[in-house]
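One structure is given here, and the rest of the page talks about it.
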Amino acid sequence: MTAAKLISTPFTSSSTAAEVLRGVDLTGVRAIVTGGSSGIGTETARVLTSAGAEVTLAVRDATAGDAVAETIAKSTGGIRPRVVRLDLTDRTTVTRFVDTWNGPLHLLINNAGVVTGGLERTPEGWELQFATNHLGHFALASGLHDALALGAADRDGARIVSVSSTAHMRSGIDFDDLHFERRGYDPQIAYAQSKTANSLFAVEATRLWASDGIIANAVNPGGVATGLQRNFTAQQKASLDAAEAAGVFTYKTVEQGAAASIVAAVAPEFAHSGGHYLDDAQEAYTVPDDADLTQHPHGVKEWALDPTAAKRLWTVSTDLLRV
């Protein structure tokens with residue numbers, strides 16, 4: 001059996017988000033960017049706005065979001081993104097965000113993320129990184145399904161971008177202990193599990209929603225120095241330095257990191273094809289679960305694209321949020 005040819009684009013690891021959008025008119029496109037008040041999220045929102053999209057910054061800190069919106073408005077001739085408060089660990093704010101959204105949605109970029117230096121839990125007892133990076137985005141996307149379907153109907157498809165990471169290669173999903181209630185806590189493994197979950201979400205969302213015109217893809221933005229690293233412990237920093245020294249990644253600019261999301265958001269190659277994991281603007285090649293990260297820095301592990309695991313995670317996530 002011949003393996004399917006990987007999807008490629010004209011862009012590379014050095015492409016910027018603005019370069020990806022050069023000549024693209026997004027007038028009439030309604031987009032949401034979570035975590036849009038800093039780092040890659042800010043640049044993603046800026047270039048989408050510059051291309052004519054109506055952007056909503058979904059942010060935990062509305063004051064910071066307003067400041068970013070003002071900065072974007074100055075760079076786009078007065079076009080200001082809307083700012084709405086959203087705390088991905090607070091189901092009340094997720095529900096409020098969904099309930100107050102009116103009309104179609106064409107593009108949902110699940111960009112927000114958190115890294116912890118130790119074990120932290122939500123009021124429900126969920127491990128914080130999994131709850132923020134996966135469960136909050138899962139609840140948001142599920143709640144916005146009908147809006148995305150409306151968007152798909154009037155613009156030949158709607159897209160979801162799920163921001164993952166090379167870190168996914170450290171861990172699959174431990175369905176027997178998702179929230180580290182029995183195993184020893186390792187923040188790096190917890191983060192890795194949440195990033196694998198981001199990829200599996202794209203797999204199952206596409207399977208379930210493609211018939212509604214909605215597709216989802218996961219992206220690896222690469223190594224970008226942002227506020228995400230502010231809570232790193234000395235051990236986490238040492239691990240990151242070792243990975244860089246081993247050639248696992250080379251630091252990118254924020255503009256280059258945001259390009260990953262923009263490729264998945266607008267590139268025609270992914271207009272109707274989802275459930276993929278993108279690295280350096282291309283569909284990544286799949287490697288076995290026991291593959292060495294240092295030998296395959298641009299691959300995606302089988303566990304991050306496994307349809308059986310994706311279906312199970314969807315069911316587990318739905319059950320958790322139902323309680």
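Ordering of the structure tokens sets the chain letters (A, B, ...), residue numbers begin anew at 1 in every chain, and ligands are numbered from 1 in the order given.
Omitting Thr76 (chain A) and its sequence neighbours fewer than 6 positions away, and counting only C-alpha atoms, the residues within 12 Å are Ala45, Arg46, Val47, Leu48, Thr49, Ser50, Ala51, Gly52, Ala53, Ala69 and Glu70 of chain A.
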>> Just want the 9 Å neighbourhood of Tyr191 (chain A), counted on only C-alpha atoms, with same-chain residues fewer than 6 positions away dropped. Output as a PyMOL selection string.
In response: chain A and resi 114-116+129-130+133+167-168+171
Can I get the selected residues back with N, CA, C and O atoms, as a PDB file, in the first residue's frame?
ATOM      1  N   VAL A 114      -0.605  27.408  28.408  1.00  0.00           N
ATOM      2  CA  VAL A 114       0.060  27.664  29.675  1.00  0.00           C
ATOM      3  C   VAL A 114       1.071  26.566  29.945  1.00  0.00           C
ATOM      4  O   VAL A 114       0.891  25.412  29.532  1.00  0.00           O
ATOM      5  N   VAL A 115       2.160  26.951  30.590  1.00  0.00           N
ATOM      6  CA  VAL A 115       3.167  26.009  31.074  1.00  0.00           C
ATOM      7  C   VAL A 115       3.320  26.250  32.565  1.00  0.00           C
ATOM      8  O   VAL A 115       3.429  27.404  32.995  1.00  0.00           O
ATOM      9  N   THR A 116       3.306  25.202  33.350  1.00  0.00           N
ATOM     10  CA  THR A 116       3.494  25.356  34.798  1.00  0.00           C
ATOM     11  C   THR A 116       4.821  24.746  35.223  1.00  0.00           C
ATOM     12  O   THR A 116       5.362  23.868  34.546  1.00  0.00           O
ATOM     13  N   GLN A 129      -2.492  22.315  33.061  1.00  0.00           N
ATOM     14  CA  GLN A 129      -2.053  22.416  31.673  1.00  0.00           C
ATOM     15  C   GLN A 129      -3.023  21.698  30.736  1.00  0.00           C
ATOM     16  O   GLN A 129      -3.377  22.213  29.666  1.00  0.00           O
ATOM     17  N   PHE A 130      -3.481  20.523  31.120  1.00  0.00           N
ATOM     18  CA  PHE A 130      -4.450  19.780  30.319  1.00  0.00           C
ATOM     19  C   PHE A 130      -5.778  20.535  30.266  1.00  0.00           C
ATOM     20  O   PHE A 130      -6.415  20.628  29.212  1.00  0.00           O
ATOM     21  N   ASN A 133      -4.948  24.003  28.089  1.00  0.00           N
ATOM     22  CA  ASN A 133      -4.512  23.826  26.709  1.00  0.00           C
ATOM     23  C   ASN A 133      -5.460  22.967  25.887  1.00  0.00           C
ATOM     24  O   ASN A 133      -5.614  23.183  24.683  1.00  0.00           O
ATOM     25  N   ALA A 167       6.801  19.357  21.692  1.00  0.00           N
ATOM     26  CA  ALA A 167       6.740  18.705  23.003  1.00  0.00           C
ATOM     27  C   ALA A 167       5.807  17.497  23.004  1.00  0.00           C
ATOM     28  O   ALA A 167       5.951  16.610  23.846  1.00  0.00           O
ATOM     29  N   HIS A 168       4.862  17.443  22.057  1.00  0.00           N
ATOM     30  CA  HIS A 168       3.941  16.302  22.016  1.00  0.00           C
ATOM     31  C   HIS A 168       4.690  14.982  21.913  1.00  0.00           C
ATOM     32  O   HIS A 168       4.166  13.926  22.287  1.00  0.00           O
ATOM     33  N   SER A 171       5.087  12.585  25.142  1.00  0.00           N
ATOM     34  CA  SER A 171       4.043  11.809  25.823  1.00  0.00           C
ATOM     35  C   SER A 171       2.763  11.725  25.002  1.00  0.00           C
ATOM     36  O   SER A 171       2.333  12.705  24.397  1.00  0.00           O
TER      37      SER A 171
END
> Could you pull out all residues of region 35-252 of chain A with a DSSP call of helix (DSSP H, G or I) and give them as a PyMOL selection string?
Replying inline: chain A and resi 39-50+62-75+91-100+128-143+145-155+166-170+187-212+227-231+234-245
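Secondary structure of region 18-107 of chain A, strand (DSSP E or B) only (DSSP, backbone atoms): A:Arg30, A:Ala31, A:Ile32, A:Val33, A:Thr34, A:Glu54, A:Val55, A:Thr56, A:Leu57, A:Ala58, A:Val59, A:Arg82, A:Val83, A:Val84, A:Arg85, A:Leu107.
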Could you write those residues out with C-alpha atoms, as a PDB file, in the first residue's frame?
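And here is the file that came out, result33.pdb:
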ATOM      1  CA  ARG A  30     -14.742  36.562  11.203  1.00  0.00           C
ATOM      2  CA  ALA A  31     -11.927  35.138  13.318  1.00  0.00           C
ATOM      3  CA  ILE A  32     -11.273  34.367  16.971  1.00  0.00           C
ATOM      4  CA  VAL A  33      -7.741  34.167  18.367  1.00  0.00           C
ATOM      5  CA  THR A  34      -7.420  32.842  21.908  1.00  0.00           C
ATOM      6  CA  GLU A  54     -12.862  40.942  11.722  1.00  0.00           C
ATOM      7  CA  VAL A  55     -10.836  39.634  14.658  1.00  0.00           C
ATOM      8  CA  THR A  56     -11.912  38.930  18.219  1.00  0.00           C
ATOM      9  CA  LEU A  57      -9.197  38.626  20.850  1.00  0.00           C
ATOM     10  CA  ALA A  58     -10.347  36.049  23.395  1.00  0.00           C
ATOM     11  CA  VAL A  59      -8.148  36.818  26.393  1.00  0.00           C
ATOM     12  CA  ARG A  82     -12.797  43.258  19.441  1.00  0.00           C
ATOM     13  CA  VAL A  83     -11.711  42.148  22.927  1.00  0.00           C
ATOM     14  CA  VAL A  84     -13.703  39.631  24.953  1.00  0.00           C
ATOM     15  CA  ARG A  85     -12.640  38.093  28.239  1.00  0.00           C
ATOM     16  CA  LEU A 107     -11.792  30.919  11.683  1.00  0.00           C
TER      17      LEU A 107
END
>> Residues near Ile7 (chain A), anyone? I mean within 12 Å using only C-alpha atoms, not counting same-chain ones fewer than 3 positions away, as a VMD selection string.
In response: chain A and resid 4 10 to 11 263 to 264 267 to 285
